[in-house]
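Below: start13.txt (compact mmCIF, C-alpha atoms)
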```txt
# COMPACT_ATOMS: atom_id res chain seq x y z
CA MET A 1 207.72 154.66 188.11
CA ALA A 2 208.62 151.31 186.87
CA ILE A 3 209.19 150.74 183.17
CA THR A 4 207.66 147.64 181.71
CA ARG A 5 208.35 145.87 178.40
CA ALA A 6 205.97 146.39 175.54
CA ARG A 7 203.94 143.38 174.48
CA GLY A 8 202.50 142.28 171.15
CA ARG A 9 203.80 143.41 167.79
CA HIS A 10 206.00 146.03 169.21
CA ARG A 11 208.06 143.45 170.99
CA ARG A 12 211.59 143.12 169.57
CA PRO A 13 212.50 139.63 168.47
CA SER A 14 215.11 137.81 170.37
CA ARG A 15 218.52 137.09 168.97
CA LEU A 16 217.65 133.47 168.49
CA THR A 17 214.57 134.38 166.56
CA ARG A 18 216.47 136.81 164.37
CA THR A 19 219.14 134.32 163.65
CA SER A 20 216.57 131.67 162.62
CA ALA A 21 214.78 134.12 160.41
CA THR A 22 217.96 135.19 158.71
CA ALA A 23 218.90 131.61 158.02
CA ALA A 24 215.48 130.86 156.65
CA GLY A 25 215.62 133.94 154.47
CA VAL A 26 218.98 133.01 153.10
CA ALA A 27 217.74 129.55 152.39
CA ALA A 28 214.63 130.86 150.71
CA LEU A 29 216.63 133.38 148.74
CA THR A 30 219.06 130.76 147.68
CA THR A 31 216.25 128.44 146.70
CA ALA A 32 214.21 131.13 145.04
CA GLY A 33 216.76 132.79 142.88
CA VAL A 34 220.19 133.64 144.03
CA LEU A 35 221.61 130.21 144.03
CA GLY A 36 219.40 129.30 141.10
CA GLY A 37 220.71 132.31 139.25
CA LEU A 38 224.23 131.43 140.06
CA ALA A 39 223.65 127.85 138.93
CA ALA A 40 222.70 128.70 135.32
CA PRO A 41 221.29 131.56 133.30
CA ALA A 42 217.87 131.08 131.66
CA GLY A 43 219.27 130.74 128.13
CA ALA A 44 221.83 128.25 129.24
CA ALA A 45 219.09 126.22 130.86
CA GLU A 46 217.09 126.16 127.64
CA GLU A 47 220.19 125.22 125.68
CA SER A 48 220.90 122.46 128.14
CA VAL A 49 217.38 121.13 127.72
CA GLU A 50 217.70 121.23 123.95
CA GLN A 51 221.06 119.48 124.07
CA SER A 52 219.66 116.86 126.38
CA GLY A 53 216.73 116.30 124.02
CA LEU A 54 219.05 116.07 121.00
CA ALA A 55 221.30 113.63 122.82
CA GLY A 56 218.26 111.58 123.73
CA ALA A 57 217.00 111.69 120.17
CA ILE A 58 220.41 110.62 118.89
CA ALA A 59 220.52 107.83 121.41
CA ILE A 60 217.01 106.72 120.43
CA ASP A 61 217.90 106.97 116.75
CA ARG A 62 221.00 104.88 117.37
CA VAL A 63 218.97 102.31 119.24
CA GLY A 64 216.36 102.28 116.46
CA THR A 65 219.06 101.99 113.80
CA SER A 66 220.74 99.16 115.67
CA LEU A 67 217.41 97.37 116.08
CA ALA A 68 216.56 97.88 112.39
CA GLU A 69 219.97 96.57 111.41
CA ARG A 70 219.49 93.50 113.60
CA ILE A 71 216.03 92.94 112.13
CA GLU A 72 217.39 93.39 108.61
CA ALA A 73 220.29 91.06 109.34
CA GLN A 74 217.90 88.50 110.78
CA ALA A 75 215.65 88.82 107.72
CA GLU A 76 218.66 88.41 105.42
CA ALA A 77 219.80 85.37 107.40
CA GLN A 78 216.33 83.87 107.15
CA GLU A 79 216.23 84.59 103.42
CA ALA A 80 219.69 83.04 103.01
CA ALA A 81 218.60 79.99 105.02
CA ALA A 82 215.42 79.71 102.96
CA ALA A 83 217.43 80.05 99.74
CA ALA A 84 219.91 77.43 100.94
CA GLU A 85 217.07 75.08 101.88
CA ALA A 86 215.40 75.67 98.51
CA ALA A 87 218.72 75.02 96.72
CA LYS A 88 219.23 71.88 98.80
CA LYS A 89 215.72 70.69 97.99
CA LYS A 90 216.20 71.48 94.31
CA ALA A 91 219.53 69.63 94.28
CA ALA A 92 217.91 66.64 95.99
CA GLU A 93 215.05 66.65 93.48
CA LEU A 94 217.55 66.92 90.61
CA ALA A 95 219.61 64.06 92.04
CA GLU A 96 216.45 62.00 92.46
CA ARG A 97 215.39 62.71 88.87
CA ARG A 98 218.86 61.80 87.62
CA ALA A 99 218.86 58.61 89.66
CA GLU A 100 215.42 57.70 88.35
CA GLU A 101 216.52 58.51 84.81
CA ALA A 102 219.62 56.35 85.28
CA LYS A 103 217.43 53.51 86.55
CA ARG A 104 215.04 53.96 83.63
CA LYS A 105 217.94 54.00 81.20
CA ALA A 106 219.45 50.91 82.85
CA ARG A 107 216.08 49.13 82.64
CA ALA A 108 215.73 50.12 79.00
CA GLU A 109 219.26 48.95 78.21
CA ARG A 110 218.69 45.72 80.09
CA ALA A 111 215.41 45.15 78.26
CA ALA A 112 217.10 45.91 74.93
CA LYS A 113 219.90 43.46 75.73
CA GLU A 114 217.36 40.83 76.72
CA ARG A 115 215.41 41.39 73.51
CA ALA A 116 218.63 41.21 71.49
CA ALA A 117 219.65 38.04 73.32
CA ARG A 118 216.25 36.45 72.69
CA ALA A 119 216.39 37.46 69.04
CA ALA A 120 219.91 36.04 68.75
CA GLU A 121 218.78 32.84 70.42
CA ARG A 122 215.82 32.58 68.05
CA ARG A 123 218.15 33.08 65.11
CA ARG A 124 220.54 30.49 66.49
CA LEU A 125 217.77 27.97 67.08
CA ASN A 126 216.32 28.54 63.65
CA ALA A 127 219.69 28.49 61.94
CA PHE A 128 221.18 25.54 60.09
CA VAL A 129 224.81 24.45 60.04
CA LEU A 130 227.00 21.87 58.31
CA PRO A 131 226.82 18.42 59.93
CA VAL A 132 230.64 18.31 60.00
CA GLU A 133 232.28 21.67 60.65
CA GLY A 134 234.65 22.81 57.91
CA SER A 135 234.04 19.71 55.81
CA TYR A 136 233.05 19.27 52.18
CA VAL A 137 230.99 16.89 50.05
CA SER A 138 233.07 13.95 48.87
CA THR A 139 230.22 12.10 47.12
CA SER A 140 227.26 13.98 45.67
CA TYR A 141 223.54 13.28 45.85
CA GLY A 142 222.20 10.95 43.12
CA ALA A 143 225.57 9.55 42.16
CA GLY A 144 225.13 6.13 40.47
CA GLY A 145 226.85 2.84 41.18
CA GLY A 146 226.47 -0.67 42.45
CA MET A 147 227.30 0.30 45.99
CA TRP A 148 223.76 1.53 46.59
CA SER A 149 220.77 -0.79 46.53
CA SER A 150 218.62 1.86 44.88
CA GLY A 151 221.16 2.30 42.14
CA SER A 152 221.99 5.87 43.17
CA HIS A 153 223.23 7.77 46.19
CA THR A 154 220.28 8.86 48.36
CA GLY A 155 222.33 11.38 50.32
CA VAL A 156 225.72 13.08 50.31
CA ASP A 157 228.97 12.00 51.93
CA PHE A 158 230.91 14.53 54.01
CA HIS A 159 234.61 13.99 54.39
CA ALA A 160 235.33 13.10 58.03
CA ALA A 161 237.98 11.08 59.82
CA SER A 162 236.84 8.48 62.32
CA GLY A 163 235.98 10.14 65.65
CA THR A 164 235.16 13.53 64.09
CA SER A 165 232.25 15.34 65.78
CA VAL A 166 228.94 15.01 63.93
CA ARG A 167 226.44 17.80 64.62
CA ALA A 168 222.71 18.25 64.25
CA VAL A 169 222.21 20.59 61.31
CA GLY A 170 219.28 22.35 63.00
CA ARG A 171 216.80 22.32 65.87
CA GLY A 172 214.70 19.21 66.23
CA THR A 173 213.84 16.03 68.13
CA VAL A 174 215.57 12.67 67.85
CA VAL A 175 213.12 10.05 66.50
CA SER A 176 215.44 7.11 65.83
CA THR A 177 218.87 5.85 66.89
CA GLY A 178 220.75 2.58 66.55
CA TRP A 179 221.71 0.13 63.86
CA GLY A 180 220.40 1.01 60.39
CA GLY A 181 221.64 -1.89 58.25
CA ALA A 182 223.73 -0.55 55.37
CA TYR A 183 223.82 2.83 57.18
CA GLY A 184 225.53 1.29 60.19
CA ASN A 185 224.96 3.28 63.37
CA GLU A 186 222.54 6.07 62.53
CA VAL A 187 220.53 8.94 64.02
CA VAL A 188 217.31 10.35 62.52
CA ILE A 189 216.01 13.75 63.65
CA ARG A 190 212.67 15.39 62.97
CA MET A 191 213.51 19.05 62.30
CA HIS A 192 211.50 22.01 63.62
CA ASP A 193 210.22 22.74 60.08
CA GLY A 194 208.76 19.22 59.77
CA THR A 195 211.50 17.73 57.60
CA TYR A 196 213.90 14.95 58.66
CA THR A 197 217.66 14.52 58.60
CA GLN A 198 219.65 11.27 58.80
CA TYR A 199 223.28 10.70 59.87
CA GLY A 200 224.90 7.32 59.01
CA HIS A 201 228.08 5.25 59.46
CA LEU A 202 228.64 6.68 62.99
CA SER A 203 231.29 5.14 65.20
CA SER A 204 229.25 6.15 68.26
CA ILE A 205 225.88 7.69 69.07
CA GLY A 206 225.55 10.46 71.68
CA VAL A 207 221.77 11.13 71.81
CA ALA A 208 218.59 9.23 72.66
CA VAL A 209 215.12 9.04 71.15
CA GLY A 210 212.91 11.90 72.31
CA GLN A 211 215.83 14.19 73.03
CA SER A 212 215.70 17.75 71.76
CA VAL A 213 218.76 19.01 69.91
CA THR A 214 219.91 22.44 68.80
CA PRO A 215 221.91 23.57 65.75
CA GLY A 216 225.53 22.46 66.03
CA GLN A 217 224.93 20.13 68.97
CA GLN A 218 227.05 16.99 68.84
CA ILE A 219 224.96 13.86 68.27
CA GLY A 220 227.74 11.33 67.60
CA LEU A 221 231.11 10.66 66.07
CA ALA A 222 231.95 9.86 62.46
CA GLY A 223 233.04 6.32 61.61
CA ALA A 224 232.89 3.51 59.06
CA THR A 225 230.08 1.27 60.29
CA GLY A 226 227.67 -0.37 57.82
CA ASN A 227 228.19 -0.56 54.07
CA THR A 228 231.19 1.75 53.48
CA THR A 229 234.71 1.73 52.10
CA GLY A 230 236.08 4.11 54.74
CA PRO A 231 235.19 6.62 57.47
CA HIS A 232 232.93 9.45 56.47
CA LEU A 233 229.46 10.84 57.30
CA HIS A 234 226.50 9.85 55.15
CA PHE A 235 223.91 12.64 55.43
CA GLU A 236 220.36 12.62 54.08
CA ALA A 237 217.48 15.13 54.03
CA ARG A 238 214.01 13.57 53.91
CA THR A 239 210.37 14.55 53.80
CA GLY A 240 209.55 11.57 56.05
CA GLU A 241 211.27 9.50 58.70
CA ASP A 242 211.91 6.39 56.57
CA TYR A 243 214.16 5.47 53.71
CA GLY A 244 212.91 6.43 50.23
CA SER A 245 211.66 9.98 51.11
CA ASP A 246 215.03 11.59 50.40
CA ILE A 247 215.52 15.04 48.83
CA ASP A 248 218.68 16.82 47.65
CA PRO A 249 220.66 17.49 50.86
CA VAL A 250 222.79 20.30 49.37
CA ALA A 251 219.75 22.21 48.12
CA TYR A 252 218.08 21.59 51.48
CA LEU A 253 220.96 23.04 53.46
CA ARG A 254 221.37 25.99 51.12
CA SER A 255 217.64 26.77 51.40
CA HIS A 256 218.23 27.11 55.14
CA GLY A 257 221.12 29.53 54.74
CA VAL A 258 224.08 27.14 54.87
CA ASN A 259 226.94 28.18 52.63
CA LEU A 260 227.88 24.97 50.85
```
Please render this file's structure as structure tokens.
Amino acid sequence: MAITRARGRHRRPSRLTRTSATAAGVAALTTAGVLGGLAAPAGAAEESVEQSGLAGAIAIDRVGTSLAERIEAQAEAQEAAAAAEAAKKKAAELAERRAEEAKRKARAERAAKERAARAAERRRLNAFVLPVEGSYVSTSYGAGGGMWSSGSHTGVDFHAASGTSVRAVGRGTVVSTGWGGAYGNEVVIRMHDGTYTQYGHLSSIGVAVGQSVTPGQQIGLAGATGNTTGPHLHFEARTGEDYGSDIDPVAYLRSHGVNL
């Protein structure tokens, strides 16, 4: 009787089949637990996870700290820049105020100097001086004698050598020049206060009719022309332009501040 091989589930697997199954089982076992168990215990795995999380947290904290520090440094730099800009602006404003104040002070000083100069010029123009600088009266007003047609001296004589500068005693306008008879070469000036002054016996005349003169301005040179015994200046103060309106010349000059 022939023996046949059983079929179905009672059939023994071939060697190739067994070998494949064993390999698959080993692989599954290794994957499922054995190799996993050998790789790390459960507690170690949890500790590894915790350590990994802590390391990550530290790394994140470090990144956050570094970012915060950069932001803070940037904010401080911006604040410093803003403070520097504000200080620069304040310094510029202060410099501008100081410059403006210096300009204002300079303008005020200039205006004060101009006012002082104008005041000094007014004083100079309104001042009176001696007709011959540093001279003195050699013949007084009203002195009697036959030398004068009126019987008395209508002016005063100032000692002066021929060629000595003769000056206008104050501000005024020349109203007459030329030959004046007994006065020789003469100049008559209408003063700014309405009075008149006369200068006689001149050797030369240096002004013209209509010319304005100022105190101390040279109008001629002393001499001995006309009715005179020697060089000197005959000076008269008058209320009018012509002869006969004379007043005391010394009192006139003193009333205008001349020390005589």
Using only C-alpha atoms, which residues of segment 86-170 of chain A come within 9 Å of segment 212-217 of chain A, and what is the closest atom pair for each, with the distance in Å to one decimal? Give it as JSON lines, sorted by chain and residue number.
```
{"residue": "A:Arg124", "atom": "CA", "partner": "A:Pro215", "partner_atom": "CA", "distance": 7.1}
{"residue": "A:Leu125", "atom": "CA", "partner": "A:Thr214", "partner_atom": "CA", "distance": 6.2}
{"residue": "A:Asn126", "atom": "CA", "partner": "A:Pro215", "partner_atom": "CA", "distance": 7.8}
{"residue": "A:Ala127", "atom": "CA", "partner": "A:Pro215", "partner_atom": "CA", "distance": 6.6}
{"residue": "A:Phe128", "atom": "CA", "partner": "A:Pro215", "partner_atom": "CA", "distance": 6.0}
{"residue": "A:Val129", "atom": "CA", "partner": "A:Gly216", "partner_atom": "CA", "distance": 6.4}
{"residue": "A:Leu130", "atom": "CA", "partner": "A:Gly216", "partner_atom": "CA", "distance": 7.9}
{"residue": "A:Pro131", "atom": "CA", "partner": "A:Gly216", "partner_atom": "CA", "distance": 7.4}
{"residue": "A:Val132", "atom": "CA", "partner": "A:Gly216", "partner_atom": "CA", "distance": 8.9}
{"residue": "A:Glu133", "atom": "CA", "partner": "A:Gly216", "partner_atom": "CA", "distance": 8.7}
{"residue": "A:Val166", "atom": "CA", "partner": "A:Gln217", "partner_atom": "CA", "distance": 8.2}
{"residue": "A:Arg167", "atom": "CA", "partner": "A:Gly216", "partner_atom": "CA", "distance": 5.0}
{"residue": "A:Ala168", "atom": "CA", "partner": "A:Gly216", "partner_atom": "CA", "distance": 5.4}
{"residue": "A:Val169", "atom": "CA", "partner": "A:Pro215", "partner_atom": "CA", "distance": 5.4}
{"residue": "A:Gly170", "atom": "CA", "partner": "A:Pro215", "partner_atom": "CA", "distance": 4.0}
```
Within 10 Å of Trp179 of chain A, counting all atoms listed in the file, which residues qualify if same-chain residues fewer than 5 places away don't, as number ranges by chain?
A: 184-187, 200-202, 225-226
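Counting only C-alpha atoms and comparing A:Asp157, A:Asp248, A:Glu121, A:Glu85, the residue that lies closest to Ser138 of chain A is A:Asp157.
In this comparison, which uses all atoms listed in the file, the residue of A:Arg171, A:Ala80, A:Thr197, A:Asp242 approaching Arg123 of chain A most closely is A:Arg171.
Separating atom CA of Ala208 of chain A from atom CA of Val175 of chain A is a distance of 8.3 Å.
Counting only C-alpha atoms, the residue from A:Tyr183, A:Ala143, A:Gly155, A:Gly257 that sits nearest to Glu236 of chain A is A:Gly155.
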Spatial neighbours of Thr164 of chain A, 12 Å, all atoms listed in the file, chain gap at least 4 places, as a compact mmCIF listing (two decimals) with C-alpha atoms, in the coordinates of the input:
```
# COMPACT_ATOMS: atom_id res chain seq x y z
CA PRO A 131 226.82 18.42 59.93
CA VAL A 132 230.64 18.31 60.00
CA GLU A 133 232.28 21.67 60.65
CA GLY A 134 234.65 22.81 57.91
CA SER A 135 234.04 19.71 55.81
CA PHE A 158 230.91 14.53 54.01
CA HIS A 159 234.61 13.99 54.39
CA ALA A 160 235.33 13.10 58.03
CA HIS A 201 228.08 5.25 59.46
CA LEU A 202 228.64 6.68 62.99
CA SER A 203 231.29 5.14 65.20
CA SER A 204 229.25 6.15 68.26
CA GLN A 218 227.05 16.99 68.84
CA ILE A 219 224.96 13.86 68.27
CA GLY A 220 227.74 11.33 67.60
CA LEU A 221 231.11 10.66 66.07
CA ALA A 222 231.95 9.86 62.46
CA GLY A 223 233.04 6.32 61.61
CA ALA A 224 232.89 3.51 59.06
CA PRO A 231 235.19 6.62 57.47
CA HIS A 232 232.93 9.45 56.47
CA LEU A 233 229.46 10.84 57.30
```
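Here atom CA of Gly181 of chain A stands at a distance of 20.3 Å from atom CA of Ile247 of chain A.
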How far is it from atom CA of Val209 of chain A to atom CA of Ser165 of chain A, in Å with one decimal?
19.0 Å
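Ranking A:Ala117, A:Gly230, A:Tyr196, A:Ile189 by their shortest atom-to-atom distance to Ser162 of chain A, with only C-alpha atoms included, puts A:Gly230 first.
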Restricting to only C-alpha atoms, whichever of A:Thr229, A:Ala119, A:Ser66, A:Phe235 is closest to His153 of chain A is A:Phe235
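Of the listed residues A:His192, A:Thr154, A:Ala108, A:Val207, the one whose atoms come nearest to Gly244 of chain A is A:Thr154, with distances taken using all atoms listed in the file.
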